[in-house]
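> Just passing along the structure, written as structure tokens.
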There are 4 protein chains.
Amino acid sequence: MIGGGQGAFIGAVHRIAARMDDQYELVCGAFSSDPAKSKASGLLLNIKEDRIYNSWQELIEHEKHLTEGERVQVISIVTPNHVHFTPAKEALENGFHVILDKPATFSLQEAKYLQKVIEQTGNLFCLTHTYTGYPMVKEAKQFVVSGKLGEIRKVYVEYPQGWLSKYEEGGDNKQASWRTDPTKSGIAGAMGDIGTHAFNLCEYVSGLEITKLCADINIVVKGRQLDDDGAVLLKFNNGASGVLVATQVAAGEENNVRIRIYGEKGGIEWQQADANTLQVKILDQPVEIWRTGGSYTSSSAQQNTRTPAGHPEGYLEAFANLYRNFAFTVKAKIAGNTPKPEYLDFPGIKEGVRGMAFIENVIASGKSDKKWTDFTI
Amino acid sequence: MIGGGQGAFIGAVHRIAARMDDQYELVCGAFSSDPAKSKASGLLLNIKEDRIYNSWQELIEHEKHLTEGERVQVISIVTPNHVHFTPAKEALENGFHVILDKPATFSLQEAKYLQKVIEQTGNLFCLTHTYTGYPMVKEAKQFVVSGKLGEIRKVYVEYPQGWLSKYEEGGDNKQASWRTDPTKSGIAGAMGDIGTHAFNLCEYVSGLEITKLCADINIVVKGRQLDDDGAVLLKFNNGASGVLVATQVAAGEENNVRIRIYGEKGGIEWQQADANTLQVKILDQPVEIWRTGGSYTSSSAQQNTRTPAGHPEGYLEAFANLYRNFAFTVKAKIAGNTPKPEYLDFPGIKEGVRGMAFIENVIASGKSDKKWTDFTI
Amino acid sequence: MIGGGQGAFIGAVHRIAARMDDQYELVCGAFSSDPAKSKASGLLLNIKEDRIYNSWQELIEHEKHLTEGERVQVISIVTPNHVHFTPAKEALENGFHVILDKPATFSLQEAKYLQKVIEQTGNLFCLTHTYTGYPMVKEAKQFVVSGKLGEIRKVYVEYPQGWLSKYEEGGDNKQASWRTDPTKSGIAGAMGDIGTHAFNLCEYVSGLEITKLCADINIVVKGRQLDDDGAVLLKFNNGASGVLVATQVAAGEENNVRIRIYGEKGGIEWQQADANTLQVKILDQPVEIWRTGGSYTSSSAQQNTRTPAGHPEGYLEAFANLYRNFAFTVKAKIAGNTPKPEYLDFPGIKEGVRGMAFIENVIASGKSDKKWTDFTI
Amino acid sequence: MIGGGQGAFIGAVHRIAARMDDQYELVCGAFSSDPAKSKASGLLLNIKEDRIYNSWQELIEHEKHLTEGERVQVISIVTPNHVHFTPAKEALENGFHVILDKPATFSLQEAKYLQKVIEQTGNLFCLTHTYTGYPMVKEAKQFVVSGKLGEIRKVYVEYPQGWLSKYEEGGDNKQASWRTDPTKSGIAGAMGDIGTHAFNLCEYVSGLEITKLCADINIVVKGRQLDDDGAVLLKFNNGASGVLVATQVAAGEENNVRIRIYGEKGGIEWQQADANTLQVKILDQPVEIWRTGGSYTSSSAQQNTRTPAGHPEGYLEAFANLYRNFAFTVKAKIAGNTPKPEYLDFPGIKEGVRGMAFIENVIASGKSDKKWTDFTI
């Protein structure tokens, strides 16, 4: 693991996700750019001292010289955005498979470069867009694929948060500080942090690609350097249209990412606040409540479910589904097998490149007087 | 009553709303442009035969010559949009108070003219934007007024319907036929029918006025003549921004109009599907569930509540609140009294003019390549 | 109308229910046992002074001597329980049809006597168990009738309120005072006031009859004279079992009466807090959300629905359904026609007698050391 | 681990719960009474072959002779009820700490004996009543402790399931087979399997103890040997009363265990279907929605929370909380420290003995003609 030292939020989440299904063992790490902090963090995690590194460079350098049985196989990179690209590139080029926190990189250019590295090395890559790991999100995707909704017409996705309603940066709130800092986050704040999640979710579930967008991007809190709010009109490659909302100043909101998709015959609705429920709305019929663990759910959902219906699975299980599917894929590769299709159901570099393109296009649109900005990569 | 013959939807709603609190008696009507149908409808409603008229012109002509005690005092106009302006104008000019279904008129120009007539005649006018009649919508407005949310930053309003997901016009579905017909509805379909409700609701609750908008307006169903779908980015006069969604092709949706408003300190959320609940979300505090009939609600809400908390009030009660408040205002005027402020809490011609301006601006923006269109009247 | 003067709760509800569908005109009343209050109340309701009576006896005496066209046809009795039997009996015996608030009478003996009067006079009688008027309660009943749930096994019904959590009697709270007073309410408090509603609802929807019960009846608030809380184990005539809970000391609860019924193949759930929704739970299938106004609902539900799906109907509409169905039945009788079956769908004296038997049996069981008490009439 | 071989449900849950916080390593096991199956299961779990045992007896015998650093410290027993007591007793007497699935034993007598063994050996013991591990259940308990609800008056707890609505035993459904078999489950079916969970939850949250009960216990499905349904009236040691429902024939229900508690001043409500929400209902105030991860929650809840508010935690996290708190307690003991009070917040043998007493008393009451049966141990 690179990053994820004491006090980091997402590093701990990655570790639980990795542990949950016993497919990973955490054997080494460079948990902080501060060697002392890296060491302290590693010891707390029961990592052997000689595999707690002072920097990610040292980690890669040392690990690549270990024997095959001893050497770490997969490196998780859970650092802020400006420390995504180089360690990921180096790890891949030195023979490691990589799990990377979103958004993929600091810029679209980096993401496209990383895509080439992945293609050239043939090593495996997973980008942790958590929400696609939920069983009922997978079920939603199956509904679209099944054609039961007919041709898709409307896609509404939203990610409202309230945690940046005040000026939080610069103080104890480490999360607020780096996520609003253009030298660490990149050109986007809310759009990069949660807008990319919403973007990824809507393309994943709908199976469509955005072709044009029209964005209203705002810095609501005085003194903030990056956007903390935005709303985007969307056009898709099949002619459908939609709306994406991502805001961090919806005071009083938690993390209720929500998606609604409507086709000619019906619609679906999913939200994280009721993550084990998928509402299925067919024209002139009663709404159906599909549930995680239901005997009637698709194999895609069941593959990503651990407990019987009614025993709720949550965010950590969704995250763990990415880790588990990636592990099965890595194992298949190592064993020389073709991974089962359901194992390949995790976000990769294609999603990473599109996510970075979303950031660049949406920020450009926000600054433009023209209504529509083409979605270019 | 003008309009509202057999088979009409909104006419029956107006009649129940009028009846509910015993402030109106239905004494005459021109229920259809077809005299035979008008007569049949009137008889079913127990109207005396000599006051069932063949046309609205005849109604006004006859009624104005009756003695004061006998003559109808308030005329409800519940016809399609193209038959709003002239009867309303004639009624007002002949001494009647008027209740008019929304949107106010066929065009903005007509609405502005009607405004002048109202000012000149001094007669009273109510526009039935139903949703502002709900007790918890009034409570929401009070929250904004109270300052408990701080300065308003974000306004999200949506009105998703699914009933026009197929091509319904031309057949038995009378509602679908006129509402999608530009000679009867005007220049807008969904935006005029339900977009104006969403627009009115967001200005009513937020107390703000829209100054700019950016619209994506669509005809989704093939062969339809007017928009059946749209999404609009909004800017308000205090610097806040927002999103308005109105669609009639969200297959599987009913009429779940919903509004969310966020200020510096917190937010509120109301939706028709749970009409007696107002969610209050204050930063870093538990969400509060305010309920119709709660002993802690404002006098504004209580004034518009009939039953104890937990006995749900619905759409008809909300509609009846408009009628009742208007009746109390009319009575006060007749008695020469100043109506209590809470009686004046019903939509009037100002809202009617702004609604028509919304229609014209939003359709113009939909056709424009520029991102922002100024909201002009 | 007998009772329902200023300050009374249920009288106003009856009046709105009567008005809503224009099937009744309020022409006379004895609104209070205090003649001055009766007069004041009547004037406020725009009743002609000569038909505002000083007592219910005077009302019956005068009205019966009026001509047929002038005379009131239906008398609503909305007094406390101890003033149910005699006015109802007198009204029926003098040729009037009667609508009576629940519970039917002060004692089971009175109810059985009233039943005989009804049979002998042939006049019509409606008991206002409101909750059976909800469209989705009717849909629930249809589900049971349809056999889609299979043989019924379990019935859970509950009516939790919190309004009597403190000692409220004796002061301004007129409702609390008479409802806890054994000289006015009878032998039961909560069990008579809301337990009978729960009882009626479960027998109505399930189509079953209770044969045995085992009750835990409590006076929770110190100084109170009648039960304010109870829970009852139930046995039904088909072998099913169940639980009935009625309490007025569930502090913080409103009026969320709720019923759940399970058969061999599935279950249904309805609650007043979400009155336009019926949850249908079929074994190994997604839960279905049936909604008031849905095009797929039964004719029984549609007959009792006024607005399109998504425009919520509430308590007053449910109440009005009883009034309307009764009106249609009265009209049919007057016209010498057989009323349509759906018009006959309102609670009558059979339900009244069973409700009074419930009160007597449940109070007896509460005092018994035996587990099971037979449900006797 | 003893039990939990391939195909077992709860064994896998225990393993994930143990893994999640990296406080346990699974090093040995007797996963089945069938040696071949034990071996196959162990290999799949990456257990070293020499520590996969043929029987639990062999496990204890071998492990106790290993050196302290090598020897397993905690043994999890996840077998059917009839194989709880002896392995638990042997494990404790041979120096191991024990985590045991509920209910504690096959009979109350065994549980009381086990209690003595625990006291005599001084070894630590945890009983996995999962639901007490939820953060919002802990918050609920804190509400009661805080006195904000006043003296507790009513406790309603229910656990409705539908999975045994048909006769499932004897076939492939291993869970159904042993849980309905009196030689494996003991004298109770539903009451032992889920009734004990409901019992434990209501005593945990309320802080009260049941003193009397009155049970209606049923075998609903023909041919079944043990109860699959029951409802129980409750009396508590402070004078409060309540109702406990546990059923496995509520066709269409999942696992929505739910608890509602009301005191003089207000109530609380929690249900597993919305596990991260605690409804707080204070008399004459808006209901408050307390949420897992809320900054306003108690230290007791926060200690058992892993993710920020809005990222749902579920059943596995609740289970893991028991494991984690137990691990911290074991570590403190090994280190010779006093464990922090929050670490001791897991169910132990006292709860185990009371749970077994509940089973014996509730079954006795079910057979009795007397209304009330004293809760004896």
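Following the order of the structure tokens, first chain is A, next is B, and so on, with residues numbered from 1 inside each chain and ligands from 1 in the order they appear.
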Residues of chain A no more than 7 Å from chain B, counting only C-alpha atoms: send them over as a PyMOL selection string.
chain A and resi 165+250-252+262-267+281-284+369-371
> Convert the current residue selection to file output with N, CA and C atoms, as a short mmCIF file (atom, residue, chain, number, x, y, z; two decimals), in the first residue's frame.

```
data_model
loop_
_atom_site.label_atom_id
_atom_site.label_comp_id
_atom_site.auth_asym_id
_atom_site.auth_seq_id
_atom_site.Cartn_x
_atom_site.Cartn_y
_atom_site.Cartn_z
N SER A 165 -19.76 22.82 3.60
CA SER A 165 -20.64 23.99 3.66
C SER A 165 -19.96 25.19 4.29
N ALA A 250 -24.45 21.16 0.10
CA ALA A 250 -25.85 20.88 0.42
C ALA A 250 -25.91 20.59 1.91
N ALA A 251 -25.91 21.66 2.70
CA ALA A 251 -25.78 21.55 4.15
C ALA A 251 -26.80 20.58 4.73
N GLY A 252 -26.31 19.63 5.50
CA GLY A 252 -27.20 18.65 6.12
C GLY A 252 -27.27 17.33 5.38
N TYR A 262 -34.56 6.29 -16.96
CA TYR A 262 -35.86 5.98 -17.54
C TYR A 262 -35.72 5.62 -19.00
N GLY A 263 -36.38 4.55 -19.39
CA GLY A 263 -36.47 4.18 -20.79
C GLY A 263 -37.90 4.27 -21.27
N GLU A 264 -38.11 3.78 -22.46
CA GLU A 264 -39.46 3.85 -23.03
C GLU A 264 -40.50 3.13 -22.18
N LYS A 265 -40.08 2.06 -21.52
CA LYS A 265 -41.05 1.19 -20.83
C LYS A 265 -41.05 1.32 -19.32
N GLY A 266 -39.99 1.93 -18.79
CA GLY A 266 -39.94 2.01 -17.33
C GLY A 266 -38.64 2.60 -16.85
N GLY A 267 -38.51 2.66 -15.53
CA GLY A 267 -37.34 3.28 -14.96
C GLY A 267 -36.80 2.49 -13.77
N LYS A 281 -39.56 0.56 -11.85
CA LYS A 281 -40.84 1.23 -12.12
C LYS A 281 -41.22 0.97 -13.57
N ILE A 282 -42.12 0.06 -13.78
CA ILE A 282 -42.57 -0.24 -15.14
C ILE A 282 -43.89 0.49 -15.36
N LEU A 283 -44.00 1.09 -16.52
CA LEU A 283 -45.18 1.87 -16.88
C LEU A 283 -46.47 1.10 -16.55
N ASP A 284 -47.36 1.75 -15.84
CA ASP A 284 -48.69 1.19 -15.54
C ASP A 284 -48.64 -0.10 -14.74
N ASP A 369 -19.25 30.27 -22.52
CA ASP A 369 -20.54 30.92 -22.73
C ASP A 369 -21.45 30.11 -23.64
N LYS A 370 -20.85 29.18 -24.35
CA LYS A 370 -21.63 28.31 -25.22
C LYS A 370 -22.44 27.33 -24.38
N LYS A 371 -23.58 26.97 -24.90
CA LYS A 371 -24.38 26.03 -24.13
C LYS A 371 -23.72 24.65 -24.08
#
```
> State, in Å with one decimal place, the distance from CA of Leu213 in chain C to CA of Lys367 in chain C.
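CA of Lys367 in chain C lies 12.3 Å from CA of Leu213 in chain C.
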> Considering only C-alpha atoms, return as a short mmCIF file (atom, residue, chain, number, x, y, z; two decimals) with N, CA, C and O atoms, in the first residue's frame whatever protein or nucleic-acid residues lie within 10 Å of Ile2 in chain B, sequence-local ones (same chain, fewer than 5 positions apart) excluded.

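New file out15.cif:
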```
data_model
loop_
_atom_site.label_atom_id
_atom_site.label_comp_id
_atom_site.auth_asym_id
_atom_site.auth_seq_id
_atom_site.Cartn_x
_atom_site.Cartn_y
_atom_site.Cartn_z
N GLY B 11 -61.65 20.17 -13.40
CA GLY B 11 -62.90 20.77 -12.98
C GLY B 11 -63.45 20.11 -11.74
O GLY B 11 -63.87 20.77 -10.78
N CYS B 28 -73.99 28.22 -10.81
CA CYS B 28 -74.19 28.33 -12.24
C CYS B 28 -72.94 27.85 -12.96
O CYS B 28 -71.90 27.66 -12.34
N GLY B 29 -73.03 27.63 -14.27
CA GLY B 29 -71.85 27.18 -15.00
C GLY B 29 -72.06 27.13 -16.49
O GLY B 29 -73.19 27.00 -16.98
N ALA B 30 -70.94 27.27 -17.20
CA ALA B 30 -70.90 26.96 -18.63
C ALA B 30 -69.83 25.89 -18.71
O ALA B 30 -68.64 26.19 -18.80
N PHE B 31 -70.28 24.65 -18.64
CA PHE B 31 -69.34 23.57 -18.36
C PHE B 31 -68.63 23.04 -19.59
O PHE B 31 -67.72 22.23 -19.48
N SER B 32 -69.11 23.50 -20.75
CA SER B 32 -68.50 23.01 -21.98
C SER B 32 -68.82 23.99 -23.10
O SER B 32 -69.80 24.72 -23.03
N SER B 33 -68.00 23.97 -24.11
CA SER B 33 -68.30 24.81 -25.29
C SER B 33 -69.40 24.16 -26.12
O SER B 33 -69.97 24.78 -27.00
N SER B 38 -72.70 20.92 -21.80
CA SER B 38 -72.77 21.83 -20.66
C SER B 38 -74.01 21.54 -19.84
O SER B 38 -73.96 21.43 -18.62
N TYR B 53 -75.41 27.45 -18.61
CA TYR B 53 -75.32 28.29 -19.81
C TYR B 53 -74.68 27.55 -20.98
O TYR B 53 -73.96 26.57 -20.80
N SER B 55 -72.60 28.97 -23.09
CA SER B 55 -71.25 29.45 -23.34
C SER B 55 -70.84 30.33 -22.17
O SER B 55 -71.67 30.81 -21.40
N TRP B 56 -69.52 30.56 -22.04
CA TRP B 56 -69.08 31.43 -20.95
C TRP B 56 -69.55 32.86 -21.18
O TRP B 56 -69.80 33.60 -20.22
N GLN B 57 -69.68 33.25 -22.45
CA GLN B 57 -70.17 34.59 -22.73
C GLN B 57 -71.59 34.77 -22.18
O GLN B 57 -71.91 35.77 -21.53
N LEU B 59 -72.93 33.08 -19.82
CA LEU B 59 -72.88 33.07 -18.35
C LEU B 59 -72.63 34.47 -17.81
O LEU B 59 -73.36 34.96 -16.93
N ILE B 60 -71.59 35.10 -18.32
CA ILE B 60 -71.25 36.43 -17.81
C ILE B 60 -72.39 37.42 -18.09
O ILE B 60 -72.80 38.20 -17.22
N ILE B 75 -66.05 33.51 -10.10
CA ILE B 75 -66.11 32.60 -11.25
C ILE B 75 -64.80 31.82 -11.34
O ILE B 75 -63.72 32.40 -11.36
N SER B 76 -64.93 30.48 -11.36
CA SER B 76 -63.77 29.61 -11.54
C SER B 76 -63.65 29.26 -13.01
O SER B 76 -64.61 28.77 -13.60
N ILE B 77 -62.47 29.44 -13.56
CA ILE B 77 -62.24 29.12 -14.97
C ILE B 77 -61.27 27.96 -15.04
O ILE B 77 -60.12 28.06 -14.60
N VAL B 78 -61.74 26.85 -15.57
CA VAL B 78 -60.98 25.60 -15.51
C VAL B 78 -60.85 24.99 -16.90
O VAL B 78 -60.79 23.78 -17.06
N THR B 79 -60.80 25.83 -17.88
CA THR B 79 -60.70 25.45 -19.30
C THR B 79 -59.24 25.25 -19.70
O THR B 79 -58.33 25.63 -18.97
N VAL B 83 -58.40 29.15 -23.53
CA VAL B 83 -59.66 29.76 -23.11
C VAL B 83 -59.53 30.27 -21.66
O VAL B 83 -60.43 30.11 -20.85
N HIS B 84 -58.37 30.82 -21.35
CA HIS B 84 -58.18 31.43 -20.03
C HIS B 84 -58.38 32.94 -20.07
O HIS B 84 -59.13 33.50 -19.28
N PRO B 87 -62.23 34.86 -21.12
CA PRO B 87 -63.25 34.78 -20.06
C PRO B 87 -62.79 35.42 -18.75
O PRO B 87 -63.61 36.05 -18.06
N ALA B 88 -61.52 35.28 -18.41
CA ALA B 88 -61.05 35.89 -17.15
C ALA B 88 -61.18 37.41 -17.23
O ALA B 88 -61.68 38.07 -16.30
N LEU B 100 -58.58 31.06 -11.43
CA LEU B 100 -58.17 30.62 -12.76
C LEU B 100 -57.17 29.47 -12.62
O LEU B 100 -56.24 29.54 -11.82
#
```
> Please report, as a PyMOL selection string, each residue of range 5-147 of chain B to which DSSP assigns alpha helix (DSSP H) when run on this structure's backbone.
chain B and resi 10-19+35-44+56-64+85-93+108-121+135-146
> Pull the strand (DSSP E or B) assignments for range 69-220 of chain B out of DSSP run on the backbone, and list those residues as a ChimeraX atom specification.
/B:74-77,97-100,125-127,152-160,210-218
> Rounded to one decimal, what separation in Å do you get between CA of Thr277 in chain C and CA of Val137 in chain C?
9.2 Å
> As an MDAnalysis selection string, please: the residues near Phe346 in chain A (cut-off 9 Å, only C-alpha atoms, same-chain neighbours under 3 positions excluded).
chainID A and resid 126:129 132:133 321:323 325:326 342:343
> Emit the selected residues as a short mmCIF file (atom, residue, chain, number, x, y, z; two decimals), in the first residue's frame, including N, CA and C atoms.

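So the final result, stored in out-v5.cif, reads:
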```
data_model
loop_
_atom_site.label_atom_id
_atom_site.label_comp_id
_atom_site.auth_asym_id
_atom_site.auth_seq_id
_atom_site.Cartn_x
_atom_site.Cartn_y
_atom_site.Cartn_z
N CYS A 126 -7.03 -1.63 -11.44
CA CYS A 126 -8.40 -1.41 -10.93
C CYS A 126 -8.50 -0.01 -10.36
N LEU A 127 -9.57 0.68 -10.71
CA LEU A 127 -9.82 2.03 -10.20
C LEU A 127 -11.03 1.94 -9.27
N THR A 128 -10.91 2.45 -8.05
CA THR A 128 -11.94 2.14 -7.05
C THR A 128 -13.12 3.11 -7.08
N HIS A 129 -13.92 2.98 -8.13
CA HIS A 129 -15.22 3.65 -8.13
C HIS A 129 -16.20 2.77 -7.36
N THR A 132 -20.07 1.28 -7.99
CA THR A 132 -20.36 0.21 -8.95
C THR A 132 -20.20 -1.16 -8.31
N GLY A 133 -19.72 -1.21 -7.09
CA GLY A 133 -19.57 -2.50 -6.40
C GLY A 133 -20.82 -2.96 -5.68
N ASN A 321 -16.09 -5.72 -2.96
CA ASN A 321 -16.42 -6.41 -4.21
C ASN A 321 -15.43 -6.06 -5.31
N LEU A 322 -15.01 -4.79 -5.36
CA LEU A 322 -13.99 -4.41 -6.34
C LEU A 322 -12.70 -5.18 -6.07
N TYR A 323 -12.31 -5.18 -4.81
CA TYR A 323 -11.07 -5.87 -4.44
C TYR A 323 -11.14 -7.36 -4.75
N ASN A 325 -13.19 -9.02 -6.87
CA ASN A 325 -13.22 -9.33 -8.30
C ASN A 325 -11.84 -9.14 -8.93
N PHE A 326 -11.15 -8.09 -8.50
CA PHE A 326 -9.80 -7.86 -9.02
C PHE A 326 -8.88 -9.00 -8.60
N GLU A 342 -17.66 -12.40 -14.77
CA GLU A 342 -18.11 -11.63 -13.60
C GLU A 342 -16.92 -11.12 -12.77
N TYR A 343 -15.76 -11.77 -12.91
CA TYR A 343 -14.58 -11.27 -12.18
C TYR A 343 -14.08 -9.97 -12.80
#
```
> Do a neighbour search on Glu110 in chain B at 10 Å with only C-alpha atoms, toss out local chain neighbours closer than 3 positions, and write the hits as a PyMOL selection string.
chain B and resi 84-86+89+104-107+113-116+353+356
> Would you save the residues from that selection as a compact mmCIF listing (two decimals), in the first residue's frame, using all heavy atoms?

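This went into out_19.txt:
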```
# COMPACT_ATOMS: atom_id res chain seq x y z
N HIS B 84 -58.37 30.82 -21.35
CA HIS B 84 -58.18 31.43 -20.03
C HIS B 84 -58.38 32.94 -20.07
O HIS B 84 -59.13 33.50 -19.28
CB HIS B 84 -56.75 31.14 -19.50
CG HIS B 84 -56.59 29.79 -18.90
ND1 HIS B 84 -55.47 29.44 -18.18
CD2 HIS B 84 -57.38 28.70 -18.90
CE1 HIS B 84 -55.59 28.18 -17.78
NE2 HIS B 84 -56.74 27.72 -18.21
N PHE B 85 -57.67 33.55 -20.99
CA PHE B 85 -57.56 35.01 -20.94
C PHE B 85 -58.89 35.72 -21.13
O PHE B 85 -59.31 36.54 -20.30
CB PHE B 85 -56.55 35.49 -22.00
CG PHE B 85 -56.53 36.97 -22.15
CD1 PHE B 85 -56.03 37.78 -21.14
CD2 PHE B 85 -57.01 37.57 -23.31
CE1 PHE B 85 -56.00 39.16 -21.28
CE2 PHE B 85 -56.99 38.95 -23.45
CZ PHE B 85 -56.49 39.75 -22.43
N THR B 86 -59.59 35.43 -22.23
CA THR B 86 -60.78 36.23 -22.55
C THR B 86 -61.87 36.07 -21.49
O THR B 86 -62.39 37.08 -20.97
CB THR B 86 -61.29 35.91 -23.97
OG1 THR B 86 -60.17 35.73 -24.82
CG2 THR B 86 -62.15 37.05 -24.50
N LYS B 89 -60.73 37.94 -18.34
CA LYS B 89 -60.81 39.39 -18.54
C LYS B 89 -62.27 39.86 -18.47
O LYS B 89 -62.60 40.83 -17.76
CB LYS B 89 -60.20 39.72 -19.91
CG LYS B 89 -60.33 41.17 -20.37
CD LYS B 89 -59.65 41.31 -21.73
CE LYS B 89 -60.08 42.60 -22.43
NZ LYS B 89 -61.49 42.59 -22.84
N ALA B 104 -51.45 30.90 -16.28
CA ALA B 104 -52.42 32.00 -16.30
C ALA B 104 -53.10 32.13 -17.66
O ALA B 104 -54.33 32.24 -17.74
CB ALA B 104 -51.73 33.31 -15.92
N THR B 105 -52.30 32.13 -18.70
CA THR B 105 -52.86 32.47 -20.01
C THR B 105 -52.17 31.66 -21.10
O THR B 105 -51.43 30.71 -20.82
CB THR B 105 -52.65 33.97 -20.28
OG1 THR B 105 -51.28 34.28 -20.04
CG2 THR B 105 -53.53 34.82 -19.36
N PHE B 106 -52.43 32.06 -22.32
CA PHE B 106 -51.85 31.37 -23.47
C PHE B 106 -50.46 31.95 -23.80
O PHE B 106 -49.61 31.28 -24.34
CB PHE B 106 -52.79 31.56 -24.67
CG PHE B 106 -52.51 30.68 -25.85
CD1 PHE B 106 -52.82 29.33 -25.81
CD2 PHE B 106 -51.94 31.20 -27.00
CE1 PHE B 106 -52.58 28.50 -26.90
CE2 PHE B 106 -51.68 30.37 -28.09
CZ PHE B 106 -52.00 29.02 -28.04
N SER B 107 -50.28 33.24 -23.44
CA SER B 107 -49.00 33.90 -23.74
C SER B 107 -48.69 34.89 -22.62
O SER B 107 -49.56 35.30 -21.86
CB SER B 107 -49.11 34.68 -25.05
OG SER B 107 -50.00 35.78 -24.88
N TYR B 113 -51.52 41.75 -19.78
CA TYR B 113 -52.76 42.48 -19.99
C TYR B 113 -53.75 42.17 -18.85
O TYR B 113 -54.38 43.09 -18.29
CB TYR B 113 -53.36 42.07 -21.35
CG TYR B 113 -54.44 43.01 -21.84
CD1 TYR B 113 -54.25 43.83 -22.95
CD2 TYR B 113 -55.68 43.08 -21.20
CE1 TYR B 113 -55.24 44.69 -23.40
CE2 TYR B 113 -56.67 43.94 -21.64
CZ TYR B 113 -56.46 44.74 -22.74
OH TYR B 113 -57.44 45.58 -23.18
N LEU B 114 -53.83 40.90 -18.50
CA LEU B 114 -54.74 40.51 -17.43
C LEU B 114 -54.37 41.21 -16.12
O LEU B 114 -55.23 41.61 -15.34
CB LEU B 114 -54.70 38.98 -17.25
CG LEU B 114 -55.82 38.35 -16.45
CD1 LEU B 114 -57.18 38.59 -17.10
CD2 LEU B 114 -55.60 36.84 -16.29
N GLN B 115 -53.08 41.31 -15.89
CA GLN B 115 -52.61 42.01 -14.69
C GLN B 115 -53.16 43.44 -14.64
O GLN B 115 -53.60 43.91 -13.59
CB GLN B 115 -51.08 42.02 -14.68
CG GLN B 115 -50.47 42.55 -13.38
CD GLN B 115 -48.96 42.31 -13.33
OE1 GLN B 115 -48.28 42.35 -14.36
NE2 GLN B 115 -48.45 42.02 -12.15
N LYS B 116 -53.13 44.09 -15.79
CA LYS B 116 -53.66 45.45 -15.83
C LYS B 116 -55.15 45.48 -15.53
O LYS B 116 -55.63 46.34 -14.80
CB LYS B 116 -53.42 46.07 -17.22
CG LYS B 116 -52.01 46.62 -17.36
CD LYS B 116 -51.85 47.40 -18.66
CE LYS B 116 -50.38 47.52 -19.03
NZ LYS B 116 -50.17 47.54 -20.47
N VAL B 353 -48.02 36.09 -14.09
CA VAL B 353 -47.15 36.75 -15.07
C VAL B 353 -45.77 36.11 -15.05
O VAL B 353 -45.19 35.81 -16.11
CB VAL B 353 -47.08 38.27 -14.78
CG1 VAL B 353 -45.99 38.92 -15.64
CG2 VAL B 353 -48.43 38.91 -15.05
N MET B 356 -45.83 32.78 -16.84
CA MET B 356 -45.85 32.89 -18.30
C MET B 356 -44.48 33.35 -18.82
O MET B 356 -44.02 32.91 -19.88
CB MET B 356 -46.95 33.85 -18.76
CG MET B 356 -48.37 33.35 -18.51
SD MET B 356 -48.71 31.65 -19.06
CE MET B 356 -48.34 31.79 -20.82
```
> Record the distance separating CA of Ile99 in chain A and CA of Gly4 in chain A, expressed in Å with one decimal.
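Separation between CA of Ile99 in chain A and CA of Gly4 in chain A: 13.1 Å.
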> Name all residues at most 12 Å from Thr130 in chain D (count only C-alpha atoms; drop same-chain ones fewer than 2 positions away) and give them as a ChimeraX atom specification.
/A:311 /D:10,13-14,17,100-103,126-128,132-135,137-138,194,196-198,200-201,204,257,272,314-323,346-347
> Within 8 Å of Thr305 in chain A, counting only C-alpha atoms, which residues qualify if same-chain residues fewer than 4 places away don't, as a PyMOL selection string?
chain A and resi 135+292-293+301+313
